Amino acid sequence: MRTADLTTAVVLIAGGLLVLWDALRLGIGWGTDGPKSGFFPFWLALIMIGSCLVILVQAWRSADRRPFVRRGAVVPVLKMLVPAVLFVLGTQFVGLYVASALYMAAYMVWIGGHGWPLTALLSIGFPVLTFVVFERWFLLPLPKGPLESWLGY
Amino acid sequence: MGLENLLLGFQVALQPENLFLAVIGVALGTVIGVLPGLGGANGVAILLPLTFAMSPTSAIILLTSLYWGALFGGAITSILFNIPGEPWSVATTFDGFPMARRGEGGQALTAAFTSSFVGALFSVILITLFAPLLAEVALKFGPPEFFAIQLLTFSSFIGLGGGHPLKSLVAILIGFILASTGLDIVTGQLRLTFGILELMKGFDFIVAVIGLFGIGEILLTMEEGLSFKGAKARISPRVVWETWKILPRYWRTFVRSSFIGFWMGFKPGGATPASFMSYAFAKRFSKTPERFGKGELEGVVAPETAAHAAGGASLLPMITLGIPGSPTAAVMLGGLIIWGLQPGPMLFKERPEFVWGLIASMYTGNVIGVVMVLALVPLFAAILRIPFAILTPLIVSVCAIGAYSVHRGMIDVWYMLIFGLVGYVFKKLDYPLAPLVLALVLGDLAENALRQSLIMSQGSLSILFTRPIAGVISAVAVFFFVLPIVTPYWRRWRDGGH
């Protein structure tokens, strides 16, 4: 925890410095009729950096040596995170419907250990249902890929 | 004067087609409120174009019923899944989910829905009585008062929140900084974009909520192993009755929370801070504060009452002043303008049947809502029997759709993932997420209020204290800010001398 706390504080301070830099670029004084654009972010970042410095000192002095993630917990978390990232990546390239079908199928078979019939039913049923609900009903076009263009959408 | 108008309104609201719309609205709203991602504001926004074919009165009844349903729906996932369907149901998870895990899900849900009904009813009655009066008072509120309210909201997080005060402060500041990213409407300049095109749009709070609370929460739950199971809940009439017998015990909580909710909802702030403030106050004033967070019924009553009271109240400034009291109200305001209605005090005079039809529909929507929700919960309980391997990709997909639907851009889906990671890390490190989201939502409003205050005072912050109303509010805010610093010394002084 201590390491994570320190790292986060440092990252936040770095972010804060970035904000300060941009705020100074925009100007932090009084403009033509009101505070300049950078005024608000400047003070926000300044206070944030100050607070993070205090947190940094507190974390430095802390004796909390617990690991950030328990050994046994790393794999389950990654099991959730990695497929999710791949899913979003997939959506970017083949569209939401295909990506979600693959995502669901992969999850159900590899992680859930479900049988193929149920998997097929749900992993195809869900995108179809989504299509009907969002494209037709809500009139919200969702990301599509080559398959949909091939089908004429 | 108010009563005859209200009767006129009921004549409109009780017309069959409007009642039908109310039922549809509540049903849809509940579903939307349950799904993480298709938030109340989002759902309203998506449905808005569909309402153009209807009369403005019918349309606004549908949208407010939707809003009502979403308010109810958020409680269901909060209690059964520990995933807040809406930002204002986050506080409900604190005690609702532990209760559900103990097998008291039915009680928690009944308490939540009943509290929602009470809170909403409270607000709507007050609106009926005071709408014209309040319009006058609120006209006196200027930017310094608005900003002072913002200070008060956030200071109460830091002072009363109970977590690490500095980390709470940092979370709030992060939220504000994220809010100021993108196009600065006042000056037309791009802020904090560093030349990256995608950052021009800034960060949308809906995407942040989906990421922080949806994805982040799932990540956190994964740590317990593959046990992403919601809690079971049986909500039989007996459970409902039993819970109803206990609830009157908390009448003080009901009253206090209703007031807090109404107060917060009336000013730009909305249901989210109301729910948190109400929870914090309930904990502070409780004789058994240590039970909060472990499954205390009052911990469900307080935020739900406040959130619904605020939800109702937030519609009031929208119709009387044209100032949205919440993000969802903001979307509805957009609808009003599109329909050619001029929101403001004139609306009362020129289109009374619209305004009072709307107010009457709040009553009917509330009753319909509570009945439907109590009846439909077994349906939602059935969802819990779905194995997690099916639920997880389902929820992530829906979250992705929700994130995408905000601006129809993939970048928001990636933000969602990033926010998810951030949410995971922050939760573990004790950086509170709720004030972060709140700051993100209110950031622009707060900055505007500050700007205008400074313009009024020619650059001096003292205006926040010299104006009477703002001064009082600011003073309380300052008190809350320093409370965490002062408390240890005060305790030492108190214990040391005696």
# chains A, B, ... in the order shown; residues from 1 in each chain; ligands from 1

$ interface_residues --of "chain B" --to "chain A" --cutoff "6 Å" --atoms "only C-alpha atoms" --output "mmCIF file with C-alpha atoms, in the first residue's frame"
data_model
loop_
_atom_site.group_PDB
_atom_site.id
_atom_site.type_symbol
_atom_site.label_atom_id
_atom_site.label_comp_id
_atom_site.auth_asym_id
_atom_site.auth_seq_id
_atom_site.Cartn_x
_atom_site.Cartn_y
_atom_site.Cartn_z
ATOM 1 C CA VAL B 170 -7.537 15.837 -3.777
ATOM 2 C CA LEU B 173 -9.766 18.907 -7.070
ATOM 3 C CA LEU B 219 -12.421 -4.988 -10.846
ATOM 4 C CA MET B 222 -12.808 -9.681 -8.810
ATOM 5 C CA GLU B 223 -10.284 -9.612 -5.999
ATOM 6 C CA GLY B 225 -12.089 -14.412 -6.647
ATOM 7 C CA ALA B 389 -19.528 -15.558 -16.486
ATOM 8 C CA PRO B 393 -19.353 -9.511 -20.262
ATOM 9 C CA ILE B 455 -16.439 40.091 -11.829
#

$ select_by_dssp --residues "region 52-130 of chain A" --states "helix (DSSP H, G or I)" --output "PyMOL selection string"
chain A and resi 52-61+71-111+116-130

$ residues_around --residues "region 466-478 of chain B" --least-positions-apart "2" --cutoff "10 Å" --atoms "only C-alpha atoms" --output "VMD selection string"
chain B and resid 140 to 156 158 to 159 461 to 464 480 to 483

$ residues_around --residues "Pro56 (chain B)" --least-positions-apart "3" --cutoff "9 Å" --atoms "only C-alpha atoms" --output "list in words"
Thr51, Phe52, Ala53, Ala59, Ile60, Ile61, Gly335, Leu336, Trp339, Gly340, Leu341 and Phe354 of chain B

$ write_last_selection --atoms "C-alpha atoms" --output "mmCIF file, in the first residue's frame"
data_model
loop_
_atom_site.group_PDB
_atom_site.id
_atom_site.type_symbol
_atom_site.label_atom_id
_atom_site.label_comp_id
_atom_site.auth_asym_id
_atom_site.auth_seq_id
_atom_site.Cartn_x
_atom_site.Cartn_y
_atom_site.Cartn_z
ATOM 1 C CA THR B 51 -40.920 12.776 -27.981
ATOM 2 C CA PHE B 52 -41.077 15.431 -30.654
ATOM 3 C CA ALA B 53 -44.156 13.817 -32.109
ATOM 4 C CA ALA B 59 -43.675 14.548 -23.585
ATOM 5 C CA ILE B 60 -42.601 16.128 -20.335
ATOM 6 C CA ILE B 61 -44.786 13.693 -18.411
ATOM 7 C CA GLY B 335 -36.335 19.690 -24.486
ATOM 8 C CA LEU B 336 -38.508 22.550 -23.291
ATOM 9 C CA TRP B 339 -40.626 22.445 -27.941
ATOM 10 C CA GLY B 340 -40.819 26.218 -28.082
ATOM 11 C CA LEU B 341 -41.630 26.741 -24.416
ATOM 12 C CA PHE B 354 -48.369 22.502 -18.840
#

$ residues_around --residues "region 5-7 of chain B" --least-positions-apart "6" --cutoff "9 Å" --atoms "only C-alpha atoms" --output "list in words"
Thr128, Pro352, Glu353, Trp356, Gly357, Ile359 and Ala360 of chain B

$ write_last_selection --atoms "N, CA and C atoms" --output "short mmCIF file (atom, residue, chain, number, x, y, z; two decimals), in the first residue's frame"
data_model
loop_
_atom_site.label_atom_id
_atom_site.label_comp_id
_atom_site.auth_asym_id
_atom_site.auth_seq_id
_atom_site.Cartn_x
_atom_site.Cartn_y
_atom_site.Cartn_z
N THR B 128 -45.76 22.22 -4.83
CA THR B 128 -47.12 22.70 -5.04
C THR B 128 -47.41 23.94 -4.23
N PRO B 352 -50.29 27.48 -17.89
CA PRO B 352 -50.51 26.84 -16.60
C PRO B 352 -50.82 25.35 -16.73
N GLU B 353 -51.53 24.96 -17.80
CA GLU B 353 -51.90 23.55 -17.90
C GLU B 353 -50.65 22.69 -18.07
N TRP B 356 -48.74 22.84 -14.37
CA TRP B 356 -49.43 22.11 -13.32
C TRP B 356 -49.71 20.67 -13.73
N GLY B 357 -49.82 20.41 -15.04
CA GLY B 357 -49.91 19.02 -15.49
C GLY B 357 -48.63 18.29 -15.12
N ILE B 359 -46.57 19.10 -12.66
CA ILE B 359 -46.50 18.93 -11.21
C ILE B 359 -47.43 17.80 -10.76
N ALA B 360 -48.64 17.76 -11.35
CA ALA B 360 -49.57 16.68 -10.98
C ALA B 360 -49.01 15.33 -11.37
#

$ atom_distance --atom1 "CA of Leu197 (chain B)" --atom2 "CA of Val98 (chain A)"
28.1 Å

$ atom_distance --atom1 "CA of Thr110 (chain B)" --atom2 "CA of Ile368 (chain B)"
15.0 Å

$ closest_residue --among "B:Gly312, B:Gly103, B:Pro488, B:Pro98" --to "Gly299 (chain B)" --atoms "only C-alpha atoms"
B:Pro98

$ residues_around --residues "Trp244 (chain B)" --least-positions-apart "4" --cutoff "8 Å" --atoms "only C-alpha atoms" --output "list of chain:residue names"
B:Thr110, B:Ala111, B:Val240, B:Pro248

$ write_last_selection --atoms "C-alpha atoms" --output "PDB file, in the first residue's frame"
ATOM      1  CA  THR B 110     -38.626  -1.947   0.504  1.00  0.00           C
ATOM      2  CA  ALA B 111     -36.986   0.676   2.671  1.00  0.00           C
ATOM      3  CA  VAL B 240     -42.789  -5.328   2.781  1.00  0.00           C
ATOM      4  CA  PRO B 248     -41.753   4.961  11.156  1.00  0.00           C
TER       5      PRO B 248
END

$ atom_distance --atom1 "CA of Glu4 (chain B)" --atom2 "CA of Val355 (chain B)"
13.0 Å

$ residues_around --residues "Ser168 (chain B)" --least-positions-apart "6" --cutoff "9 Å" --atoms "only C-alpha atoms" --output "list in words"
Phe157, Ile158, Gly161, Asp430, Tyr431, Pro432, Leu433, Pro435 and Leu436 of chain B
